[in-house]
>>> print(open('my_file_3.csv').read())   # CSV, C-alpha atoms
chain,number,residue,atom,x,y,z
A,993,MET,CA,77.2,126.8,67.5
A,994,GLU,CA,76.8,128.6,70.8
A,995,ASP,CA,73.6,126.7,71.6
A,996,ALA,CA,75.3,123.4,70.9
A,997,LEU,CA,78.1,124.3,73.4
A,998,LYS,CA,75.5,125.3,76.0
A,999,SER,CA,73.7,122.0,75.6
A,1000,THR,CA,76.9,120.2,76.9
A,1001,SER,CA,77.3,122.3,80.0
A,1002,GLY,CA,75.6,119.7,82.2
A,1003,LEU,CA,77.8,116.7,81.1
A,1004,SER,CA,79.0,114.5,83.8
A,1005,GLY,CA,81.1,112.0,81.9
A,1006,LYS,CA,84.1,112.4,79.6
A,1007,ARG,CA,82.8,109.9,77.1
A,1008,LEU,CA,79.6,112.0,76.7
A,1009,ALA,CA,81.7,115.1,76.5
A,1010,LEU,CA,83.9,113.6,73.7
A,1011,ARG,CA,80.8,112.5,71.8
A,1012,GLU,CA,79.5,116.1,72.0
A,1013,LEU,CA,82.9,117.4,71.0
A,1014,ARG,CA,82.8,115.2,67.8
A,1015,LEU,CA,79.4,116.5,66.9
A,1016,VAL,CA,80.1,120.2,67.5
A,1017,TYR,CA,83.6,120.0,66.0
A,1018,THR,CA,82.3,118.3,62.8
A,1019,ASP,CA,79.6,120.9,62.2
A,1020,ALA,CA,81.9,123.8,62.8
A,1021,LEU,CA,84.8,122.4,60.8
A,1022,GLU,CA,82.6,121.6,57.9
A,1023,GLU,CA,81.2,125.1,57.9
A,1024,HIS,CA,84.7,126.5,57.9
A,1025,LEU,CA,85.9,124.3,55.1
A,1026,ALA,CA,82.9,125.3,53.0
A,1027,ASP,CA,83.3,129.1,53.3
A,1028,GLY,CA,86.7,129.6,55.0
A,1029,THR,CA,85.7,132.9,56.7
A,1030,GLU,CA,87.1,134.4,59.9
A,1031,ASN,CA,83.7,134.1,61.5
A,1032,SER,CA,83.6,130.4,61.0
A,1033,LYS,CA,87.2,130.1,62.3
A,1034,HIS,CA,86.3,131.9,65.5
A,1035,SER,CA,84.0,129.1,66.5
A,1036,ALA,CA,87.1,126.9,66.8
A,1037,CYS,CA,88.4,129.0,69.6
A,1038,ASP,CA,85.0,128.7,71.4
A,1039,ILE,CA,85.3,124.9,71.0
A,1040,GLY,CA,88.8,124.9,72.4
A,1041,ARG,CA,87.8,126.9,75.5
A,1042,TRP,CA,84.8,124.5,76.0
A,1043,ALA,CA,87.0,121.5,75.7
A,1044,ILE,CA,89.4,122.8,78.4
A,1045,ALA,CA,86.4,123.4,80.7
A,1046,GLN,CA,85.3,119.8,80.1
A,1047,GLU,CA,88.9,118.6,80.9
A,1048,ILE,CA,89.4,117.2,77.4
A,1049,GLY,CA,93.1,117.0,76.7
A,1050,VAL,CA,94.8,118.5,73.6
A,1051,THR,CA,95.6,115.1,72.1
A,1052,LYS,CA,91.9,114.2,72.2
A,1053,VAL,CA,91.1,117.4,70.3
A,1054,VAL,CA,93.7,116.6,67.7
A,1055,ALA,CA,92.4,113.1,67.4
A,1056,VAL,CA,88.8,114.3,66.9
A,1057,HIS,CA,90.1,116.8,64.3
A,1058,HIS,CA,91.8,114.0,62.2
A,1059,GLU,CA,88.7,111.9,62.5
A,1060,CYS,CA,86.6,114.7,61.0
A,1061,VAL,CA,88.8,116.0,58.3
A,1062,GLY,CA,88.8,113.0,55.9
A,1063,ARG,CA,85.1,112.5,56.0
A,1064,ILE,CA,84.3,116.2,55.5
A,1065,LEU,CA,86.7,116.6,52.6
A,1066,PHE,CA,85.2,113.6,50.9
A,1067,ARG,CA,81.7,115.2,51.2
A,1068,LEU,CA,83.0,118.6,49.9
A,1069,ALA,CA,85.1,117.1,47.1
A,1070,GLY,CA,83.0,119.0,44.5
A,1071,SER,CA,83.1,122.4,46.1
A,1072,VAL,CA,86.6,122.7,47.6
A,1073,SER,CA,90.0,121.3,46.5
A,1074,CYS,CA,91.9,118.9,48.8
A,1075,LYS,CA,94.8,121.3,49.1
A,1076,GLU,CA,92.6,124.3,50.0
A,1077,GLY,CA,90.6,122.1,52.4
A,1078,LEU,CA,93.7,120.9,54.2
A,1079,ARG,CA,94.9,124.5,54.6
A,1080,ARG,CA,91.6,125.6,56.0
A,1081,ALA,CA,91.5,122.6,58.3
A,1082,GLY,CA,95.0,123.5,59.6
A,1083,ASP,CA,93.9,127.0,60.3
A,1084,PHE,CA,90.8,125.7,62.2
A,1085,LEU,CA,92.9,123.3,64.3
A,1086,ALA,CA,95.4,126.0,65.2
A,1087,GLU,CA,92.6,128.2,66.4
A,1088,ALA,CA,91.0,125.4,68.3
A,1089,LEU,CA,94.3,124.7,70.1
A,1090,SER,CA,95.0,128.4,70.9
A,1091,PRO,CA,93.2,128.3,74.3
A,1092,TYR,CA,95.4,125.4,75.3
A,1093,GLU,CA,98.5,127.5,74.3
A,1094,GLN,CA,97.2,130.5,76.3
A,1095,ALA,CA,96.5,128.2,79.4
A,1096,HIS,CA,100.0,126.7,79.2
A,1097,ARG,CA,101.6,130.2,78.9
A,1098,GLY,CA,99.6,131.4,81.9
A,1099,SER,CA,100.7,128.3,83.9
A,1100,SER,CA,104.3,128.8,82.9
A,1101,GLU,CA,104.2,132.3,84.2
A,1102,THR,CA,102.4,131.4,87.4
A,1103,ILE,CA,104.8,128.6,88.5
A,1104,PRO,CA,107.9,130.9,89.2
A,1105,ALA,CA,105.7,133.2,91.3
A,1106,LEU,CA,104.2,130.2,93.1
A,1107,ARG,CA,107.7,128.9,93.8
A,1108,GLN,CA,108.9,132.2,95.2
A,1109,MET,CA,105.8,132.5,97.4
A,1110,ASN,CA,106.4,129.0,98.8
A,1111,GLU,CA,110.0,129.8,99.5
A,1112,ARG,CA,109.0,133.0,101.4
A,1113,MET,CA,106.4,131.0,103.3
A,1114,GLU,CA,109.0,128.3,104.3
A,1115,ARG,CA,111.4,131.0,105.5
A,1116,GLU,CA,108.7,132.5,107.6
A,1117,ILE,CA,107.6,129.2,108.9
A,1118,GLN,CA,111.1,128.3,109.9
A,1119,ARG,CA,111.5,131.7,111.7
A,1120,ILE,CA,108.3,131.1,113.7
A,1121,ALA,CA,109.3,127.5,114.5
A,1122,LEU,CA,112.6,128.6,115.9
A,1123,ALA,CA,110.9,131.4,117.9
A,1124,VAL,CA,108.4,128.9,119.4
A,1125,HIS,CA,111.2,126.3,120.1
A,1126,ASP,CA,113.9,128.6,121.5
A,1127,GLU,CA,112.3,131.8,122.8
A,1128,ALA,CA,109.1,130.3,124.2
A,1129,GLY,CA,111.0,127.3,125.5
A,1130,GLN,CA,113.5,129.5,127.4
A,1131,LEU,CA,110.6,131.5,128.9
A,1132,ILE,CA,108.7,128.4,130.0
A,1133,TYR,CA,111.9,127.1,131.6
A,1134,ALA,CA,112.3,130.3,133.6
A,1135,VAL,CA,108.7,130.1,134.8
A,1136,HIS,CA,109.3,126.5,136.0
A,1137,LEU,CA,112.3,127.7,138.0
A,1138,ALA,CA,110.2,130.6,139.5
A,1139,ILE,CA,107.4,128.2,140.5
A,1140,ALA,CA,109.9,125.8,142.1
A,1141,THR,CA,111.5,128.6,144.1
A,1142,ALA,CA,108.1,129.9,145.2
A,1143,ALA,CA,107.0,126.4,146.2
A,1144,GLU,CA,109.9,126.0,148.6
A,1145,ALA,CA,108.7,128.9,150.8
A,1146,SER,CA,105.0,128.3,150.5
A,1147,SER,CA,102.4,126.6,152.6
A,1148,PRO,CA,101.1,123.1,151.7
A,1149,VAL,CA,98.0,124.6,150.1
A,1150,VAL,CA,99.9,127.1,148.0
A,1151,HIS,CA,102.4,124.4,147.2
A,1152,GLN,CA,99.6,122.2,145.8
A,1153,HIS,CA,98.3,125.1,143.7
A,1154,LEU,CA,101.8,125.8,142.3
A,1155,ALA,CA,102.2,122.1,141.5
A,1156,GLU,CA,98.9,122.2,139.5
A,1157,ILE,CA,100.1,125.3,137.7
A,1158,GLY,CA,103.4,123.6,136.9
A,1159,ALA,CA,101.5,120.6,135.4
A,1160,MET,CA,99.4,122.9,133.2
A,1161,LEU,CA,102.6,124.7,132.1
A,1162,HIS,CA,104.2,121.4,131.3
A,1163,ARG,CA,101.2,120.5,129.0
A,1164,ALA,CA,101.5,123.9,127.3
A,1165,GLU,CA,105.3,123.2,126.8
A,1166,GLN,CA,104.5,119.9,125.2
A,1167,GLY,CA,102.0,121.6,122.9
A,1168,LEU,CA,104.5,124.2,121.8
A,1169,ARG,CA,107.1,121.5,121.1
A,1170,ARG,CA,104.5,119.7,119.0
A,1171,LEU,CA,103.6,122.9,117.1
A,1172,SER,CA,107.3,123.7,116.5
A,1173,HIS,CA,107.9,120.2,115.1
A,1174,GLU,CA,104.8,120.4,112.8
A,1175,LEU,CA,105.9,123.8,111.5
A,1176,ARG,CA,109.4,122.7,110.7
A,1177,PRO,CA,110.5,119.2,111.7
A,1178,MET,CA,114.2,119.2,112.7
A,1179,ILE,CA,114.5,115.6,111.3
A,1180,LEU,CA,113.8,116.9,107.8
A,1181,ASP,CA,116.8,119.3,108.0
A,1182,ASP,CA,119.1,116.9,109.9
A,1183,LEU,CA,118.4,113.5,108.3
A,1184,GLY,CA,116.4,114.1,105.1
A,1185,LEU,CA,113.2,113.2,103.5
A,1186,THR,CA,112.9,109.4,104.2
A,1187,PRO,CA,113.3,109.6,108.0
A,1188,ALA,CA,111.0,112.7,108.1
A,1189,LEU,CA,108.2,111.0,106.2
A,1190,GLN,CA,108.6,107.8,108.3
A,1191,SER,CA,108.4,109.9,111.5
A,1192,LEU,CA,105.4,111.8,110.1
A,1193,ALA,CA,103.5,108.6,109.3
A,1194,GLU,CA,104.2,107.2,112.8
A,1195,ARG,CA,103.1,110.4,114.5
A,1196,VAL,CA,99.8,110.7,112.6
A,1197,SER,CA,99.1,107.0,113.1
A,1198,ARG,CA,99.7,107.3,116.8
A,1199,THR,CA,97.4,110.3,117.3
A,1200,THR,CA,94.6,109.2,115.0
A,1201,GLY,CA,94.6,105.4,115.3
A,1202,ILE,CA,94.8,105.0,111.5
A,1203,ALA,CA,97.3,102.3,110.3
A,1204,ILE,CA,99.8,104.1,108.2
A,1205,GLU,CA,102.6,102.2,106.4
A,1206,PHE,CA,105.6,103.9,104.9
A,1207,GLU,CA,107.7,102.1,102.3
A,1208,GLY,CA,110.6,103.3,100.2
A,1209,SER,CA,113.9,105.2,100.4
A,1210,VAL,CA,115.9,107.9,98.7
A,1211,ASP,CA,119.5,107.0,98.3
A,1212,HIS,CA,120.8,110.6,98.4
A,1213,ARG,CA,119.8,113.9,100.0
A,1214,LEU,CA,117.7,115.9,97.6
A,1215,ASP,CA,117.5,119.7,97.1
A,1216,ALA,CA,116.0,121.3,100.2
A,1217,LYS,CA,113.1,122.7,98.2
A,1218,VAL,CA,112.1,119.3,96.8
A,1219,GLU,CA,112.4,117.6,100.2
A,1220,THR,CA,110.3,120.4,101.9
A,1221,ALA,CA,107.7,120.4,99.1
A,1222,LEU,CA,107.1,116.6,99.2
A,1223,TYR,CA,107.0,116.6,103.0
A,1224,ARG,CA,104.3,119.3,103.0
A,1225,ILE,CA,102.5,117.4,100.2
A,1226,VAL,CA,102.4,114.1,102.3
A,1227,HIS,CA,101.4,116.1,105.4
A,1228,GLU,CA,98.5,117.8,103.6
A,1229,ALA,CA,97.4,114.5,102.0
A,1230,LEU,CA,97.3,112.8,105.4
A,1231,THR,CA,95.4,115.7,106.9
A,1232,ASN,CA,92.8,115.2,104.1
A,1233,VAL,CA,92.6,111.5,104.9
A,1234,VAL,CA,92.1,112.2,108.6
A,1235,LYS,CA,89.4,114.9,108.0
A,1236,HIS,CA,87.5,113.3,105.1
A,1237,ALA,CA,88.3,109.8,104.1
A,1238,HIS,CA,87.2,107.8,107.2
A,1239,ALA,CA,90.0,105.4,106.3
A,1240,LYS,CA,91.4,102.5,108.4
A,1241,LYS,CA,94.6,102.1,106.5
A,1242,VAL,CA,97.0,104.4,104.5
A,1243,THR,CA,100.1,103.4,102.5
A,1244,ILE,CA,102.8,105.8,101.5
A,1245,GLU,CA,105.3,104.6,98.9
A,1246,LEU,CA,108.4,106.6,98.0
A,1247,GLN,CA,110.5,105.8,94.9
A,1248,ARG,CA,113.4,107.6,93.2
A,1249,ASP,CA,115.2,106.9,90.0
A,1250,HIS,CA,117.7,108.9,88.0
A,1251,THR,CA,115.1,111.3,86.6
A,1252,MET,CA,112.0,111.2,88.8
A,1253,LEU,CA,110.9,111.2,92.4
A,1254,LYS,CA,107.5,109.5,92.9
A,1255,CYS,CA,105.3,109.3,96.0
A,1256,LEU,CA,102.1,107.3,96.0
A,1257,ILE,CA,99.6,107.9,98.9
A,1258,ARG,CA,96.8,105.3,99.0
A,1259,ASP,CA,93.9,105.0,101.4
A,1260,ASP,CA,91.0,102.6,101.8
A,1261,GLY,CA,88.5,105.4,102.7
A,1262,VAL,CA,85.2,106.5,101.3
A,1263,GLY,CA,86.7,108.0,98.1
A,1264,PHE,CA,85.2,110.8,96.1
A,1265,ASP,CA,84.5,112.0,92.5
A,1266,PRO,CA,87.8,113.6,91.2
A,1267,ALA,CA,85.6,115.7,88.8
A,1268,GLY,CA,84.4,117.6,91.9
A,1269,VAL,CA,87.9,118.6,93.1
A,1270,GLY,CA,88.0,122.3,93.8
A,1271,LYS,CA,84.5,122.2,95.5
A,1272,GLY,CA,84.6,122.2,99.3
A,1273,GLN,CA,87.4,121.8,101.8
A,1274,ARG,CA,88.7,118.6,100.4
A,1275,GLY,CA,89.1,120.2,97.1
A,1276,LEU,CA,91.0,123.1,98.6
A,1277,GLY,CA,93.4,120.6,100.3
A,1278,LEU,CA,94.1,118.8,97.0
A,1279,ALA,CA,94.5,122.1,95.2
A,1280,GLY,CA,97.2,123.0,97.7
A,1281,VAL,CA,98.9,119.6,97.0
A,1282,ARG,CA,98.8,120.3,93.3
A,1283,GLU,CA,100.2,123.8,93.7
A,1284,ARG,CA,103.1,122.6,95.9
A,1285,ALA,CA,103.9,119.9,93.3
A,1286,ALA,CA,103.8,122.4,90.5
A,1287,ALA,CA,106.1,124.8,92.4
A,1288,VAL,CA,108.9,122.3,92.0
A,1289,GLY,CA,108.0,121.3,88.5
A,1290,GLY,CA,105.9,118.2,89.6
A,1291,THR,CA,102.5,116.9,88.8
A,1292,LEU,CA,99.6,115.3,90.8
A,1293,GLN,CA,97.4,112.5,89.5
A,1294,ILE,CA,94.2,111.6,91.4
A,1295,LYS,CA,92.5,108.3,91.2
A,1296,SER,CA,89.4,107.8,93.3
A,1297,GLU,CA,85.9,106.5,93.2
A,1298,PRO,CA,83.1,106.8,95.9
A,1299,GLN,CA,83.5,104.0,98.4
A,1300,ARG,CA,86.6,102.6,96.8
A,1301,GLY,CA,89.4,104.7,98.3
A,1302,THR,CA,91.8,107.2,96.9
A,1303,GLU,CA,95.3,107.2,95.3
A,1304,LEU,CA,97.4,110.3,94.9
A,1305,LEU,CA,100.5,110.0,92.8
A,1306,VAL,CA,103.0,112.9,92.9
A,1307,GLU,CA,105.8,112.9,90.4
A,1308,ILE,CA,108.7,115.4,90.6
A,1309,PRO,CA,111.4,115.5,87.9
A,1310,LEU,CA,114.9,115.5,89.3
A,1311,ARG,CA,117.9,117.4,87.9
A,1312,LYS,CA,121.6,116.5,88.4
A,1313,THR,CA,121.8,119.3,90.9
A,1314,THR,CA,118.9,118.0,92.9
A,1315,CYS,CA,121.1,115.5,94.9
A,1316,ARG,CA,123.0,116.7,98.0
A,1317,SER,CA,125.1,114.8,100.5
A,1318,GLU,CA,124.9,111.0,100.7
A,1319,TYR,CA,122.1,109.4,102.6
A,1320,SER,CA,121.2,105.8,102.5
A,1321,SER,CA,118.4,103.8,104.1
A,1322,PRO,CA,117.9,100.1,104.5
A,1323,MET,CA,114.2,100.3,103.6
A,1324,THR,CA,113.0,98.7,100.5
A,1325,THR,CA,112.0,100.5,97.3
A,1326,PRO,CA,108.5,99.7,96.1
A,1327,SER,CA,107.4,99.2,92.5
A,1328,PHE,CA,104.6,101.3,91.3
A,1329,ALA,CA,101.9,99.3,89.6
A,1330,ARG,CA,99.6,101.7,87.9
A,1331,PRO,CA,96.4,100.4,86.3
>>> encode(input="my_file_3.csv", output="structure tokens")
Amino acid sequence: MEDALKSTSGLSGKRLALRELRLVYTDALEEHLADGTENSKHSACDIGRWAIAQEIGVTKVVAVHHECVGRILFRLAGSVSCKEGLRRAGDFLAEALSPYEQAHRGSSETIPALRQMNERMEREIQRIALAVHDEAGQLIYAVHLAIATAAEASSPVVHQHLAEIGAMLHRAEQGLRRLSHELRPMILDDLGLTPALQSLAERVSRTTGIAIEFEGSVDHRLDAKVETALYRIVHEALTNVVKHAHAKKVTIELQRDHTMLKCLIRDDGVGFDPAGVGKGQRGLGLAGVRERAAAVGGTLQIKSEPQRGTELLVEIPLRKTTCRSEYSSPMTTPSFARP
């Protein structure tokens, strides 16, 4: 049993993994139906853990189980009754699914902690953004006044040097304003998600030269946590595109209905193998996107192939309390055509 599982550790495709799962599951289940011991049942848990590592979903495991049960019971008809065989098969399946239950329980416990951590980070980011915008801005303004006063009583040479210092100070001021906006864009708080995402797309397009199109609207203001999470997700996704995708065009589509907020981010870049997510810096960026989505109860779907671009679909369920004050936008709402 253990050797069979080890032989699958190098699998690269899910079809091959499913084929191996059927073989291993059939052998282990038949052994358990024949003797029904605890030792044979323990192998089911090993299979469940291996299936999770291969990213095989719980429904696939159940489907494989049902494929196997009938054939094995037919072969064992002379040695075990149908009733006893079904009981043992049920025990085996429950044991095989127990790692999925443990993983789900761990995820459920992690999400509240992740949400609290994100909220603390956003409060700290907002504090820093205000400090950069207000305190540093006032200090720079005072320095400008001091330079202007000194320039009035200086020689032409000193006046020229002070003018150069003033120009450098102006560039530093612009950089601080840019940093403050990136940390916590005022437009997100003042006008909401749709204008903030449109502004983000325009700014990234202007600074990188990548054509970025934004389509969609949200008819009402959403909960601040949801708006902030999706803004950060899109910002991180665009950062990934700029760093890794070598894309010429990016499309961002935003859609909201009564129960779900959806955001699709599509690029025409070099793409990648989604099975390798988590390895390297791009994997770290997408892991951050997934964690931000999970913190507000959402999910991330990744569709990509080498040299064929990438699609990220973020879906966040909405509750009745998610909506805030009215906000409307004349922009069109796209339809999501998923293959």
>>> closest_residue(input="my_file_3.csv", among="A:Ile1120, A:Val1262, A:Ala1009, A:Leu1185", to="A:Val1210", atoms="only C-alpha atoms")
A:Leu1185
>>> atom_distance(input="my_file_3.csv", atom1="atom CA of A:Ala1286", atom2="atom CA of A:Thr1220")
13.3 Å
>>> residues_around(input="my_file_3.csv", residues="A:Ser1191", least_positions_apart="4", cutoff="10 Å", atoms="only C-alpha atoms", output="list in words")
Pro1177, Ile1179, Leu1180, Leu1185, Thr1186, Pro1187, Arg1195, Val1196, Ser1197 and Phe1206 of chain A
>>> closest_atom_pairs(input="my_file_3.csv", of="stretch 1183-1214 of chain A", to="stretch 1223-1228 of chain A", cutoff="9 Å", atoms="all atoms listed in the file", output="JSON lines")
{"residue": "A:Leu1185", "atom": "CA", "partner": "A:Tyr1223", "partner_atom": "CA", "distance": 7.1}
{"residue": "A:Ala1188", "atom": "CA", "partner": "A:Tyr1223", "partner_atom": "CA", "distance": 7.6}
{"residue": "A:Leu1189", "atom": "CA", "partner": "A:Tyr1223", "partner_atom": "CA", "distance": 6.6}
{"residue": "A:Leu1192", "atom": "CA", "partner": "A:His1227", "partner_atom": "CA", "distance": 7.5}
{"residue": "A:Ala1193", "atom": "CA", "partner": "A:His1227", "partner_atom": "CA", "distance": 8.7}
>>> atom_distance(input="my_file_3.csv", atom1="atom CA of A:Asp1259", atom2="atom CA of A:Ala1239")
6.3 Å
>>> closest_atom_pairs(input="my_file_3.csv", of="stretch 1231-1271 of chain A", to="stretch 1288-1293 of chain A", cutoff="12 Å", atoms="only C-alpha atoms", output="tab-separated table")
residue	atom	partner	partner_atom	distance
A:Thr1251	CA	A:Gly1290	CA	11.9
A:Met1252	CA	A:Gly1290	CA	9.3
A:Leu1253	CA	A:Gly1290	CA	9.0
A:Lys1254	CA	A:Gly1290	CA	9.4
A:Cys1255	CA	A:Leu1292	CA	9.8
A:Leu1256	CA	A:Gln1293	CA	9.6
A:Ile1257	CA	A:Gln1293	CA	10.7
A:Arg1258	CA	A:Gln1293	CA	11.9
A:Pro1266	CA	A:Gln1293	CA	9.8
A:Val1269	CA	A:Gln1293	CA	11.8
>>> atom_distance(input="my_file_3.csv", atom1="atom CA of A:Thr1141", atom2="atom CA of A:Gly1129")
18.7 Å
>>> residues_around(input="my_file_3.csv", residues="stretch 1069-1078 of chain A", least_positions_apart="4", cutoff="7 Å", atoms="all atoms listed in the file", output="count of residues only")
3
>>> closest_residue(input="my_file_3.csv", among="A:Glu1012, A:Glu1127, A:Glu1087, A:Glu1283", to="A:Glu1165", atoms="only C-alpha atoms")
A:Glu1127
>>> closest_residue(input="my_file_3.csv", among="A:Lys1217, A:His1212, A:His1057, A:Arg1198", to="A:Leu1015", atoms="all atoms listed in the file")
A:His1057
>>> closest_residue(input="my_file_3.csv", among="A:Asp1038, A:Glu1307, A:Glu1207, A:Asp1083", to="A:Asp1249", atoms="only C-alpha atoms")
A:Glu1307
>>> decode(input="my_file_3.csv", residues="stretch 1039-1073 of chain A", atoms="C-alpha atoms", output="PDB file, in the first residue's frame")
ATOM      1  CA  ILE A1039      -5.289   7.369   0.541  1.00  0.00           C
ATOM      2  CA  GLY A1040      -7.311  10.409   1.606  1.00  0.00           C
ATOM      3  CA  ARG A1041      -4.196  12.347   2.583  1.00  0.00           C
ATOM      4  CA  TRP A1042      -2.487  11.391  -0.673  1.00  0.00           C
ATOM      5  CA  ALA A1043      -5.555  12.460  -2.695  1.00  0.00           C
ATOM      6  CA  ILE A1044      -5.518  15.885  -1.022  1.00  0.00           C
ATOM      7  CA  ALA A1045      -1.824  16.275  -1.851  1.00  0.00           C
ATOM      8  CA  GLN A1046      -2.653  15.456  -5.503  1.00  0.00           C
ATOM      9  CA  GLU A1047      -5.465  18.066  -5.430  1.00  0.00           C
ATOM     10  CA  ILE A1048      -8.139  15.454  -6.063  1.00  0.00           C
ATOM     11  CA  GLY A1049     -11.489  16.724  -4.820  1.00  0.00           C
ATOM     12  CA  VAL A1050     -13.760  14.913  -2.398  1.00  0.00           C
ATOM     13  CA  THR A1051     -16.404  14.298  -5.083  1.00  0.00           C
ATOM     14  CA  LYS A1052     -13.832  12.453  -7.207  1.00  0.00           C
ATOM     15  CA  VAL A1053     -12.926  10.229  -4.257  1.00  0.00           C
ATOM     16  CA  VAL A1054     -16.603   9.411  -3.676  1.00  0.00           C
ATOM     17  CA  ALA A1055     -17.061   8.676  -7.377  1.00  0.00           C
ATOM     18  CA  VAL A1056     -14.069   6.318  -7.371  1.00  0.00           C
ATOM     19  CA  HIS A1057     -15.476   4.612  -4.268  1.00  0.00           C
ATOM     20  CA  HIS A1058     -18.814   3.939  -5.951  1.00  0.00           C
ATOM     21  CA  GLU A1059     -17.073   2.660  -9.073  1.00  0.00           C
ATOM     22  CA  CYS A1060     -15.169   0.121  -6.998  1.00  0.00           C
ATOM     23  CA  VAL A1061     -17.794  -1.101  -4.542  1.00  0.00           C
ATOM     24  CA  GLY A1062     -20.069  -2.920  -6.978  1.00  0.00           C
ATOM     25  CA  ARG A1063     -17.279  -4.749  -8.772  1.00  0.00           C
ATOM     26  CA  ILE A1064     -15.565  -5.823  -5.545  1.00  0.00           C
ATOM     27  CA  LEU A1065     -18.757  -7.036  -3.869  1.00  0.00           C
ATOM     28  CA  PHE A1066     -19.540  -9.091  -6.960  1.00  0.00           C
ATOM     29  CA  ARG A1067     -16.132 -10.750  -6.778  1.00  0.00           C
ATOM     30  CA  LEU A1068     -16.477 -11.385  -3.019  1.00  0.00           C
ATOM     31  CA  ALA A1069     -20.067 -12.629  -3.180  1.00  0.00           C
ATOM     32  CA  GLY A1070     -19.107 -16.043  -1.834  1.00  0.00           C
ATOM     33  CA  SER A1071     -17.096 -14.813   1.156  1.00  0.00           C
ATOM     34  CA  VAL A1072     -18.933 -11.746   2.464  1.00  0.00           C
ATOM     35  CA  SER A1073     -22.629 -10.823   2.509  1.00  0.00           C
TER      36      SER A1073
END
